[in-house]
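K.L.:
model.txt (compact mmCIF, C-alpha atoms and all ligand atoms) pasted underneath:
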# COMPACT_ATOMS: atom_id res chain seq x y z
CA MET A 1 101.16 92.85 111.03
CA ALA A 2 102.87 95.50 113.17
CA SER A 3 101.86 96.12 116.78
CA GLY A 4 100.72 99.47 118.09
CA ILE A 5 101.90 100.94 121.38
CA ARG A 6 99.71 102.41 124.07
CA LEU A 7 101.05 104.32 127.06
CA SER A 8 98.57 105.21 129.79
CA LYS A 9 99.19 107.52 132.74
CA LEU A 10 102.81 106.51 132.53
CA ARG A 11 105.14 107.77 135.25
CA LYS A 12 108.79 107.20 136.02
CA THR A 13 110.64 108.40 139.09
CA PHE A 14 114.37 108.19 139.74
CA GLY A 15 114.86 108.59 143.51
CA SER A 16 112.73 111.61 144.36
CA THR A 17 112.82 113.06 140.83
CA GLU A 18 109.87 112.46 138.56
CA VAL A 19 111.12 112.29 134.98
CA ILE A 20 108.03 110.97 133.14
CA LYS A 21 105.01 112.79 134.52
CA GLY A 22 101.88 111.02 133.32
CA VAL A 23 102.22 110.32 129.61
CA ASP A 24 99.26 109.12 127.53
CA LEU A 25 100.22 108.20 124.00
CA THR A 26 98.63 105.88 121.46
CA ILE A 27 100.76 104.88 118.49
CA GLU A 28 98.98 103.04 115.68
CA PRO A 29 100.43 99.86 114.13
CA GLY A 30 102.90 100.75 111.37
CA GLU A 31 103.19 104.41 112.39
CA PHE A 32 106.48 106.30 112.36
CA VAL A 33 106.39 108.50 115.44
CA VAL A 34 109.23 110.94 116.02
CA LEU A 35 109.82 112.09 119.58
CA VAL A 36 111.48 115.49 119.93
CA GLY A 37 112.23 117.76 122.87
CA PRO A 38 115.08 119.45 124.69
CA SER A 39 117.93 117.51 126.24
CA GLY A 40 116.95 115.98 129.58
CA CYS A 41 113.16 116.15 128.98
CA GLY A 42 112.78 112.36 129.24
CA LYS A 43 112.92 111.05 125.65
CA SER A 44 115.39 108.24 126.30
CA THR A 45 113.63 107.30 129.51
CA LEU A 46 110.34 107.01 127.62
CA LEU A 47 111.94 104.72 125.01
CA ASN A 48 113.57 102.67 127.76
CA LEU A 49 110.19 102.20 129.43
CA ILE A 50 108.72 100.97 126.13
CA ALA A 51 111.71 98.65 125.64
CA GLY A 52 111.65 97.40 129.22
CA LEU A 53 115.15 98.67 129.99
CA GLU A 54 113.65 100.71 132.85
CA THR A 55 110.83 99.64 135.15
CA VAL A 56 107.56 101.56 135.20
CA THR A 57 106.84 103.51 138.41
CA SER A 58 103.10 103.66 137.64
CA GLY A 59 100.78 103.49 134.66
CA GLU A 60 100.76 101.09 131.73
CA VAL A 61 102.83 100.14 128.71
CA ARG A 62 100.97 98.07 126.12
CA ILE A 63 102.46 96.63 122.96
CA GLY A 64 99.76 95.31 120.68
CA GLU A 65 97.10 94.05 123.08
CA ALA A 66 99.56 92.91 125.73
CA LEU A 67 100.28 94.74 128.98
CA VAL A 68 104.09 94.46 129.14
CA ASN A 69 104.93 96.35 132.37
CA ASP A 70 106.53 93.19 133.79
CA THR A 71 107.73 91.62 130.54
CA PRO A 72 111.52 91.42 130.16
CA PRO A 73 112.98 93.27 127.14
CA ARG A 74 113.79 90.13 125.16
CA ASP A 75 110.15 89.03 125.23
CA ARG A 76 108.74 92.36 124.00
CA ASP A 77 109.13 91.88 120.24
CA ILE A 78 111.06 95.12 120.06
CA ALA A 79 114.47 96.09 118.71
CA MET A 80 116.30 99.21 119.81
CA VAL A 81 119.02 101.09 117.93
CA PHE A 82 121.13 103.54 119.92
CA GLN A 83 123.38 106.42 119.02
CA SER A 84 126.39 104.51 120.35
CA TYR A 85 125.83 101.32 118.48
CA ALA A 86 127.84 99.13 120.87
CA LEU A 87 128.94 96.45 118.43
CA TYR A 88 131.13 93.67 119.81
CA PRO A 89 134.63 94.78 118.75
CA THR A 90 136.15 91.30 118.61
CA LYS A 91 133.29 89.73 116.64
CA THR A 92 132.85 89.97 112.88
CA VAL A 93 129.94 91.80 111.27
CA HIS A 94 128.37 88.41 110.59
CA GLU A 95 128.66 87.44 114.27
CA ASN A 96 127.47 90.82 115.48
CA ILE A 97 124.32 90.52 113.39
CA THR A 98 123.50 86.90 114.21
CA PHE A 99 124.43 87.00 117.91
CA GLY A 100 121.00 88.19 119.03
CA MET A 101 119.32 85.46 117.01
CA GLN A 102 121.54 82.81 118.60
CA THR A 103 120.58 83.87 122.09
CA ARG A 104 116.93 83.71 121.02
CA ARG A 105 117.44 80.18 119.66
CA ILE A 106 116.29 81.01 116.14
CA PRO A 107 117.07 78.00 113.86
CA HIS A 108 120.32 78.18 111.89
CA GLU A 109 118.70 78.25 108.42
CA ALA A 110 116.35 81.06 109.44
CA GLN A 111 119.33 82.99 110.82
CA GLN A 112 121.25 82.63 107.58
CA ALA A 113 118.23 83.64 105.51
CA ALA A 114 117.63 86.76 107.62
CA LEU A 115 121.34 87.65 107.56
CA LYS A 116 121.37 87.37 103.78
CA GLU A 117 118.19 89.35 103.27
CA PHE A 118 119.04 92.27 105.53
CA SER A 119 122.76 92.54 104.83
CA LYS A 120 121.86 92.86 101.16
CA LEU A 121 119.14 95.41 101.91
CA LEU A 122 121.56 97.49 104.01
CA GLN A 123 124.39 97.02 101.50
CA ILE A 124 126.75 95.47 104.01
CA ASP A 125 126.79 91.98 102.48
CA HIS A 126 130.39 92.52 101.31
CA LEU A 127 131.53 93.42 104.86
CA LEU A 128 130.41 90.34 106.79
CA ALA A 129 133.93 89.08 107.56
CA ARG A 130 135.20 92.42 108.89
CA LYS A 131 135.40 93.54 112.51
CA PRO A 132 133.78 96.84 113.61
CA GLY A 133 137.19 98.57 113.80
CA GLN A 134 137.55 98.06 110.04
CA LEU A 135 134.32 99.89 109.23
CA SER A 136 133.34 103.53 108.74
CA GLY A 137 130.82 105.17 111.09
CA GLY A 138 128.06 104.79 108.52
CA GLN A 139 128.85 101.13 107.97
CA ARG A 140 128.84 100.50 111.72
CA GLN A 141 125.44 102.15 111.97
CA ARG A 142 124.15 99.86 109.18
CA VAL A 143 125.45 96.83 111.07
CA ALA A 144 123.61 98.02 114.18
CA MET A 145 120.45 98.37 112.11
CA GLY A 146 121.02 94.93 110.59
CA ARG A 147 121.32 93.45 114.06
CA ALA A 148 117.96 95.02 114.96
CA LEU A 149 116.26 94.05 111.69
CA VAL A 150 117.20 90.35 111.63
CA ARG A 151 115.19 89.77 114.76
CA LYS A 152 112.10 90.84 112.76
CA PRO A 153 110.48 92.66 115.65
CA GLU A 154 107.11 94.36 115.36
CA VAL A 155 108.40 97.57 116.92
CA PHE A 156 111.61 99.54 116.37
CA LEU A 157 112.89 102.11 118.83
CA PHE A 158 115.62 104.48 117.66
CA ASP A 159 117.41 106.77 120.12
CA GLU A 160 119.19 109.47 118.10
CA PRO A 161 120.68 106.83 115.82
CA LEU A 162 122.28 109.23 113.36
CA SER A 163 123.64 111.94 115.64
CA ASN A 164 127.23 110.61 115.50
CA LEU A 165 127.33 110.71 111.70
CA ASP A 166 128.39 113.59 109.50
CA ALA A 167 125.70 115.67 107.79
CA LYS A 168 125.92 114.02 104.39
CA LEU A 169 125.72 110.50 105.75
CA ARG A 170 122.90 111.51 108.06
CA ILE A 171 120.81 112.61 105.11
CA SER A 172 121.40 109.41 103.14
CA MET A 173 120.73 107.20 106.19
CA ARG A 174 117.56 109.16 106.87
CA THR A 175 116.34 108.38 103.35
CA GLU A 176 117.19 104.72 103.85
CA ILE A 177 115.39 104.49 107.16
CA LYS A 178 112.33 105.97 105.50
CA LYS A 179 112.50 103.44 102.66
CA LEU A 180 112.98 100.59 105.12
CA HIS A 181 109.91 101.70 107.02
CA GLN A 182 107.84 101.90 103.85
CA ARG A 183 109.01 98.45 102.85
CA LEU A 184 108.65 96.67 106.20
CA GLY A 185 105.68 98.58 107.61
CA LYS A 186 106.74 98.14 111.24
CA THR A 187 105.92 100.53 114.08
CA VAL A 188 108.74 102.98 114.79
CA VAL A 189 109.42 105.40 117.63
CA TYR A 190 112.37 107.57 116.72
CA VAL A 191 114.07 110.15 118.93
CA THR A 192 115.98 112.96 117.27
CA HIS A 193 117.31 116.45 117.89
CA ASP A 194 117.04 117.28 114.24
CA GLN A 195 113.84 119.11 113.26
CA ILE A 196 114.28 118.35 109.56
CA GLU A 197 114.71 114.67 110.35
CA ALA A 198 111.49 114.86 112.38
CA MET A 199 109.55 116.64 109.62
CA THR A 200 110.67 114.23 106.88
CA LEU A 201 110.34 110.92 108.74
CA ALA A 202 107.32 111.27 110.99
CA SER A 203 103.75 110.22 110.40
CA ARG A 204 103.21 112.06 113.69
CA ILE A 205 105.54 114.05 115.91
CA ALA A 206 105.36 114.00 119.70
CA VAL A 207 106.85 117.13 121.24
CA MET A 208 108.05 116.47 124.75
CA ASP A 209 108.96 118.90 127.50
CA ASN A 210 109.88 118.19 131.10
CA GLY A 211 108.28 114.75 131.31
CA HIS A 212 105.08 115.67 129.44
CA ILE A 213 103.97 115.31 125.82
CA ARG A 214 103.01 118.87 124.88
CA GLN A 215 101.61 118.08 121.42
CA PHE A 216 101.16 114.99 119.26
CA GLY A 217 100.18 115.36 115.63
CA PRO A 218 101.21 115.21 111.96
CA PRO A 219 104.28 117.32 111.06
CA GLY A 220 102.23 119.91 109.17
CA GLU A 221 99.89 120.42 112.10
CA ILE A 222 102.71 120.74 114.63
CA TYR A 223 104.45 123.24 112.41
CA GLU A 224 101.44 125.32 111.41
CA HIS A 225 99.31 125.03 114.53
CA PRO A 226 101.61 124.67 117.54
CA VAL A 227 99.53 124.49 120.73
CA ASP A 228 101.80 126.84 122.63
CA LEU A 229 104.93 128.96 122.48
CA PHE A 230 107.12 126.11 123.63
CA VAL A 231 106.13 123.93 120.66
CA ALA A 232 106.31 126.88 118.28
CA GLY A 233 109.77 127.78 119.52
CA PHE A 234 111.02 124.24 119.47
CA MET A 235 109.77 123.37 116.00
CA GLY A 236 110.79 126.74 114.56
CA SER A 237 107.25 127.54 113.42
CA PRO A 238 106.45 131.00 112.06
CA PRO A 239 104.84 133.37 114.63
P1 LIG A 301 116.61 112.95 127.12
O1 LIG A 301 116.79 111.63 126.46
O2 LIG A 301 115.36 113.66 126.71
O3 LIG A 301 117.80 113.84 126.99
P2 LIG A 301 116.62 111.38 129.58
O4 LIG A 301 115.42 110.52 129.46
O5 LIG A 301 117.93 110.75 129.27
O6 LIG A 301 116.41 112.70 128.69
O7 LIG A 301 116.71 111.96 131.02
C1 LIG A 301 115.64 112.64 131.64
C2 LIG A 301 116.02 113.01 133.05
O8 LIG A 301 116.13 111.84 133.83
C3 LIG A 301 117.35 113.73 133.15
O9 LIG A 301 117.24 114.73 134.11
C4 LIG A 301 118.30 112.63 133.59
O10 LIG A 301 119.35 113.16 134.34
C5 LIG A 301 117.40 111.76 134.44
N1 LIG A 301 117.79 110.35 134.42
C6 LIG A 301 117.82 109.53 133.34
N2 LIG A 301 118.21 108.29 133.66
C7 LIG A 301 118.43 108.31 135.01
C8 LIG A 301 118.84 107.33 135.96
N3 LIG A 301 119.10 106.06 135.61
N4 LIG A 301 118.96 107.73 137.25
C9 LIG A 301 118.69 108.99 137.63
N5 LIG A 301 118.28 109.96 136.77
C10 LIG A 301 118.16 109.63 135.50
MG MG A 302 118.39 110.88 125.33
For the file at hand, write its structure as structure tokens.
Ligand code: ADP
Ligand code: MG

P.N.:
Amino acid sequence: MASGIRLSKLRKTFGSTEVIKGVDLTIEPGEFVVLVGPSGCGKSTLLNLIAGLETVTSGEVRIGEALVNDTPPRDRDIAMVFQSYALYPTKTVHENITFGMQTRRIPHEAQQAALKEFSKLLQIDHLLARKPGQLSGGQRQRVAMGRALVRKPEVFLFDEPLSNLDAKLRISMRTEIKKLHQRLGKTVVYVTHDQIEAMTLASRIAVMDNGHIRQFGPPGEIYEHPVDLFVAGFMGSPP
């Protein structure tokens, strides 16, 4: 069973600058929510608040039933995949994938089983002995996804995971992420710049601007019935 996410009156201030300005957002278990919005509007900060990588200034973050405002990232049952996948350069693919499980003290047999399952699923099972420097960008991104998947979290957060890849690879990875979601049924929050990526992946799209969620709804609704000119302009809707 996947966990939903509920943000209530969420605010985040850096120094005297308010970056998240009272966000209310309820994400159902198993949903694929895509967060879009201009650069600097607060998308990464919002993900970091959900992940626990930033502290909440005020308001609530709930994952499942639990209030997690003060829960450290490793206890949140969440995995995050970034644009810069930050693999350990001196470790093999195998070690990169299992490292997170070791620090969480997952038993050895369970680690090996998860490694086998997900490296096969991501088609990197023939690359386990290589180091990141011996992989293509797409392969590195798969390793980063493998590292997130083996922890079997209830929630996945993706921060522009495909933006460093070329167009062709981006399209094939997009299809694979969609298949993975259909197969695993976990809750996903996915940040992207790419409107087509948003339209094809999302169960609902959240359009963000300047620390606020301007509209939250299914792709068709956002596209056909934008609530204002900002959303219409951003999603490229017809006038
Ligand atoms: P996005 O991901 O939508 O591009 P961010 O969430 O990264 O936006 O940033 C939102 C705003 O918060 C930006 O103005 C950014 O400069 C500011 N910001 C982000 N992180 C910090 C930080 N650690 N300290 C100060 N300001 C920050
Ligand atoms: Mg960002």

K.L.:
Between A:Arg6, A:Arg105, A:Lys43, A:Arg76, which is the closest to ligand MG 302 (chain A) once you count all atoms listed in the file?

P.N.:
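The shortest atom-to-atom distance to ligand MG 302 (chain A) comes from A:Lys43.
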
K.L.:
Contacts of Asp75 of chain A at 10 Å or less, counting all atoms listed in the file, minus same-chain residues fewer than 6 places along, as a PyMOL selection string?

P.N.:
chain A and resi 51-52+68+104

K.L.:
What do you get as a list of chain:residue names if you pick all residues at most 12 Å from ligand MG 302 (chain A), counting only C-alpha atoms and all ligand atoms?

P.N.:
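Based on only C-alpha atoms and all ligand atoms, ligand MG 302 (chain A) is surrounded within 12 Å by A:Leu35, A:Val36, A:Gly37, A:Pro38, A:Ser39, A:Gly40, A:Cys41, A:Gly42, A:Lys43, A:Ser44, A:Thr45, A:Leu46, A:Leu47, A:Asn48, A:Phe82, A:Gln83, A:Ser84, A:Phe158, A:Asp159, A:Glu160, A:Pro161, A:Ser163, A:Tyr190, A:Val191, A:Thr192, A:His193, A:Met208.
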
K.L.:
Measure the distance from atom CA of Thr26 of chain A to atom CA of Gly4 of chain A in Å and round it to one decimal.

P.N.:
7.5 Å

K.L.:
Counting all atoms listed in the file, note down every residue that has an atom within 12 Å of the point (133.3, 91.7, 118.1) (file coordinates), as a VMD selection string.

P.N.:
chain A and resid 86 to 99 128 to 134 140 143

K.L.:
Got time to write the residues from that selection, C-alpha atoms, as a compact mmCIF listing (two decimals), in the frame of the given file?

P.N.:
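And here is the file that came out, out29.txt:
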# COMPACT_ATOMS: atom_id res chain seq x y z
CA ALA A 86 127.84 99.13 120.87
CA LEU A 87 128.94 96.45 118.43
CA TYR A 88 131.13 93.67 119.81
CA PRO A 89 134.63 94.78 118.75
CA THR A 90 136.15 91.30 118.61
CA LYS A 91 133.29 89.73 116.64
CA THR A 92 132.85 89.97 112.88
CA VAL A 93 129.94 91.80 111.27
CA HIS A 94 128.37 88.41 110.59
CA GLU A 95 128.66 87.44 114.27
CA ASN A 96 127.47 90.82 115.48
CA ILE A 97 124.32 90.52 113.39
CA THR A 98 123.50 86.90 114.21
CA PHE A 99 124.43 87.00 117.91
CA LEU A 128 130.41 90.34 106.79
CA ALA A 129 133.93 89.08 107.56
CA ARG A 130 135.20 92.42 108.89
CA LYS A 131 135.40 93.54 112.51
CA PRO A 132 133.78 96.84 113.61
CA GLY A 133 137.19 98.57 113.80
CA GLN A 134 137.55 98.06 110.04
CA ARG A 140 128.84 100.50 111.72
CA VAL A 143 125.45 96.83 111.07

K.L.:
Which residues are near segment 153-156 of chain A? Cut-off 6 Å, all atoms listed in the file, ignore same chain within fewer than 6 positions. Put them as a ChimeraX atom specification.

P.N.:
/A:2-3,77-80,186-188

K.L.:
With only C-alpha atoms as the atoms that count, which of A:Val81, A:Ala202, A:Leu49, A:Ala232 lies nearest to Met145 of chain A?

P.N.:
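For Met145 of chain A, the nearest of the candidates is A:Val81.
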
K.L.:
Give me, as a short mmCIF file (atom, residue, chain, number, x, y, z; two decimals) with C-alpha atoms, keeping the file's coordinate frame, all polymer residues having an atom no more than 6 Å from Ile20 of chain A, counting only C-alpha atoms and skipping those fewer than 3 positions away in the same chain.

P.N.:
data_model
loop_
_atom_site.label_atom_id
_atom_site.label_comp_id
_atom_site.auth_asym_id
_atom_site.auth_seq_id
_atom_site.Cartn_x
_atom_site.Cartn_y
_atom_site.Cartn_z
CA ARG A 11 105.14 107.77 135.25
CA LYS A 12 108.79 107.20 136.02
CA GLY A 211 108.28 114.75 131.31
#

K.L.:
To one decimal in Å, tell me the separation between atom CA of Met101 of chain A and atom CA of Lys120 of chain A.

P.N.:
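Atom-to-atom, atom CA of Met101 of chain A and atom CA of Lys120 of chain A are spaced 17.7 Å apart.
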
K.L.:
Which polymer residues have any atom within 12 Å of an atom of Glu176 of chain A, counting all atoms listed in the file, with same-chain residues fewer than 2 positions away left out, as a ChimeraX atom specification?

P.N.:
/A:121-123,138,141-142,145,162,169-174,178-184,200-201

K.L.:
For the residues in the current selection, export C-alpha atoms as a short mmCIF file (atom, residue, chain, number, x, y, z; two decimals), keeping the file's coordinate frame.

P.N.:
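Heads up, here's the output in part-v2.cif:
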data_model
loop_
_atom_site.label_atom_id
_atom_site.label_comp_id
_atom_site.auth_asym_id
_atom_site.auth_seq_id
_atom_site.Cartn_x
_atom_site.Cartn_y
_atom_site.Cartn_z
CA LEU A 121 119.14 95.41 101.91
CA LEU A 122 121.56 97.49 104.01
CA GLN A 123 124.39 97.02 101.50
CA GLY A 138 128.06 104.79 108.52
CA GLN A 141 125.44 102.15 111.97
CA ARG A 142 124.15 99.86 109.18
CA MET A 145 120.45 98.37 112.11
CA LEU A 162 122.28 109.23 113.36
CA LEU A 169 125.72 110.50 105.75
CA ARG A 170 122.90 111.51 108.06
CA ILE A 171 120.81 112.61 105.11
CA SER A 172 121.40 109.41 103.14
CA MET A 173 120.73 107.20 106.19
CA ARG A 174 117.56 109.16 106.87
CA LYS A 178 112.33 105.97 105.50
CA LYS A 179 112.50 103.44 102.66
CA LEU A 180 112.98 100.59 105.12
CA HIS A 181 109.91 101.70 107.02
CA GLN A 182 107.84 101.90 103.85
CA ARG A 183 109.01 98.45 102.85
CA LEU A 184 108.65 96.67 106.20
CA THR A 200 110.67 114.23 106.88
CA LEU A 201 110.34 110.92 108.74
#

K.L.:
Hey, which of A:Lys116, A:Ser16, A:Arg214, A:Lys9 ends up closest to ligand LIG 301 (chain A)? Count all atoms listed in the file.

P.N.:
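Smallest separation from ligand LIG 301 (chain A) among the options: A:Ser16.
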
K.L.:
Give the padded box for ligand LIG 301 (chain A) as AutoDock Vina command-line options: axis-aligned, covering all atoms listed in the file, 4 Å on each side, centre and edge lengths in Å to one decimal.

P.N.:
--center_x 117.4 --center_y 110.4 --center_z 132.0 --size_x 12.0 --size_y 16.7 --size_z 19.2

K.L.:
Would you mind telling me which residue in A:Val56, A:Asn210, A:Ala148, A:Val33 lies nearest to ligand LIG 301 (chain A) when using all atoms listed in the file?

P.N.:
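Of A:Val56, A:Asn210, A:Ala148, A:Val33, the one nearest ligand LIG 301 (chain A) is A:Asn210, counting all atoms listed in the file.
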
K.L.:
Counting all atoms listed in the file, which residue out of A:Met235, A:Val227, A:Val150, A:Met199 sits closest to Gln112 of chain A?

P.N.:
A:Val150

K.L.:
From the set A:Asp24, A:Leu7, A:Leu53, A:Phe216, which residue has the shortest atom-to-atom contact distance to ligand LIG 301 (chain A), counting all atoms listed in the file?

P.N.:
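Of all the options, A:Leu53 lies closest to ligand LIG 301 (chain A).
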
K.L.:
Got a sec: who's within 9 Å of Ala114 of chain A, counting all atoms listed in the file, leaving out chain neighbours fewer than 4 positions off, as an MDAnalysis selection string?

P.N.:
chainID A and resid 98 109:110 118:119 149:152

K.L.:
In Å, how far is it from atom C2 of ligand LIG 301 (chain A) to atom CA of Pro73 of chain A?

P.N.:
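These atoms are spaced 20.8 Å apart.
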